[in-house]
Amino acid sequence: MQSPEAQLEILKRGAAQIINEAELLAKLRLGRPLNVKLGVDPTAPDIHLGFTVALTKLRQFQDLGHQAILIIGDFTAMIGDPSGRSKARPQLTHDQVMNNARSFQEQAYKILDPERTRTVFNGQWFEMMTFEEVIKLNGRVTLQQMLQREDFKNRLERGDAVHLHEIQYPIMQGWDSVVVKADVEIGGTDQLFNILVGRDLQREEGQPQQIVFLMPLLEGLDGVQKMSKSLGNYVGVSEAPTEMFGKLMSITDTLMARYYLLLLGEDVPDIHPMDAKKQLARRIVARYHGEEAGNAALEDFNTKFSKRDVENAEWPVVDFAGVNQDIVSIVVAGYEKGYQIAKSRGDARRLVEQGSIQLHEEKITDPKATPTLAAGTVLKLDKKRAVRVG
RNA sequence: GGGUAGGUACCGAAGUGGCCAAACGGGGCGGACUGUAAAUCCGCUGGGCUUACGCCUUCAGUGGUUCGAAUCCACUCCUGCCCA
């Protein structure tokens, strides 16, 4: 095990805020593995790279010899974390949650070291809590404290609803920390309030208080808003290798630096930005799909886009038998069969008219064209997609 | 429970009897240029039919008034605000 000071240096990398460093150092000096808590609410069946920032940090703790406690918020997920939200989250049923939790856990273990991870479901303690206990817990937090929060304040000012159940959320998350006796809790910067409530509750229970360890929120592909499913600017960890690679290649250079820091914990290598980006994409794909897949995705990208060798690249093979002869129908079928994307005929027609469609390297711009589809030729659909005629 | 303001396309937001498939902005998409980056320029952006002029459907839901409704009326559902 490394010295407490050396550990602190490593852990500080990429962190947005630590409350506070001196306390953390003191805990590291205890010489025992620390309980490092990370709570996740399985609100969706798969996680995206944004989540992995905290997971990656947790892994770093593990590598330094500490114990990860992964809390699956099967109970809290039904409430919905209001943090940073402009609306209440939709409440989920327990079945949905448990279903999500399973795949969630599986994906988290791609990053975490299973040997040093304890996974617990917070339904274990919340389900059996009595109303009396709930009330008692509520007595420890004031409405004023809750209302100081930026997200609630904004919603109140804008006249949007803040539901009472949402107010319970930070208390529940804080109670999790008491139950698992957390030494450190990792979270995004939007978790500041929730994690601080944990500290308060621990103090009331006579426990040592946890360190608040905040990681920056990872910007989504647009480079502006945080990565989130509902904004559609995310990269899912279970996405297909080529898909993942392509998305990562589309980010700006500034964003690339952030991804290097937060996803790989490194600085951008001093090479051509494009090569740096390819390395980033390759390594991330490799992390979730294996080295081989990473290299294959890189190669695929080089063929398709760097060399623009559309004809020799790999595309989904589509059988156009039974499809109408006109190009619009063909394009619609190509999207549907090759990519499971439902395009309207209007959209398809527009693509044709705007010169996006190519068959065997010939542009087709007449929506009335009825080209012959020779087997093996490539039909280019848009910037990123094409299909091979089967 | 009472009062009041609203529910328009992916989102925000105009429109308050015909000129509305619906201004404008954002987002998205395509083309050019590139490093599938950024920046920039051009174009498209509800769905279906049609070679095309054009036609059909659509503004929370249902029913009505009118030659004609997103726009007027009635009821229903949903949301905010004020009062209790």
# chains A, B, ... in the order shown; residues from 1 in each chain; ligands from 1

call {"tool": "interface_residues", "arguments": {"of": "chain B", "to": "chain A", "cutoff": "7 Å", "atoms": "only C-alpha atoms (C1' of nucleotides)", "output": "ChimeraX atom specification"}}
result
/B:30-31,35-38,80

call {"tool": "residues_around", "arguments": {"residues": "Glu127 of chain A", "least_positions_apart": "4", "cutoff": "12 Å", "atoms": "only C-alpha atoms (C1' of nucleotides)", "output": "count of residues only"}}
result
13

call {"tool": "residues_around", "arguments": {"residues": "Val120 of chain A", "least_positions_apart": "4", "cutoff": "12 Å", "atoms": "only C-alpha atoms (C1' of nucleotides)", "output": "MDAnalysis selection string"}}
result
chainID A and resid 37:41 68:75 101 105 124:125 176:177 179:180

call {"tool": "closest_residue", "arguments": {"among": "B:A70, B:A39, B:U50, B:C44", "to": "A14 of chain B", "atoms": "only C-alpha atoms (C1' of nucleotides)"}}
result
B:A70

call {"tool": "atom_distance", "arguments": {"atom1": "atom CA of Gln62 of chain A", "atom2": "atom CA of Leu28 of chain A"}}
result
12.8 Å
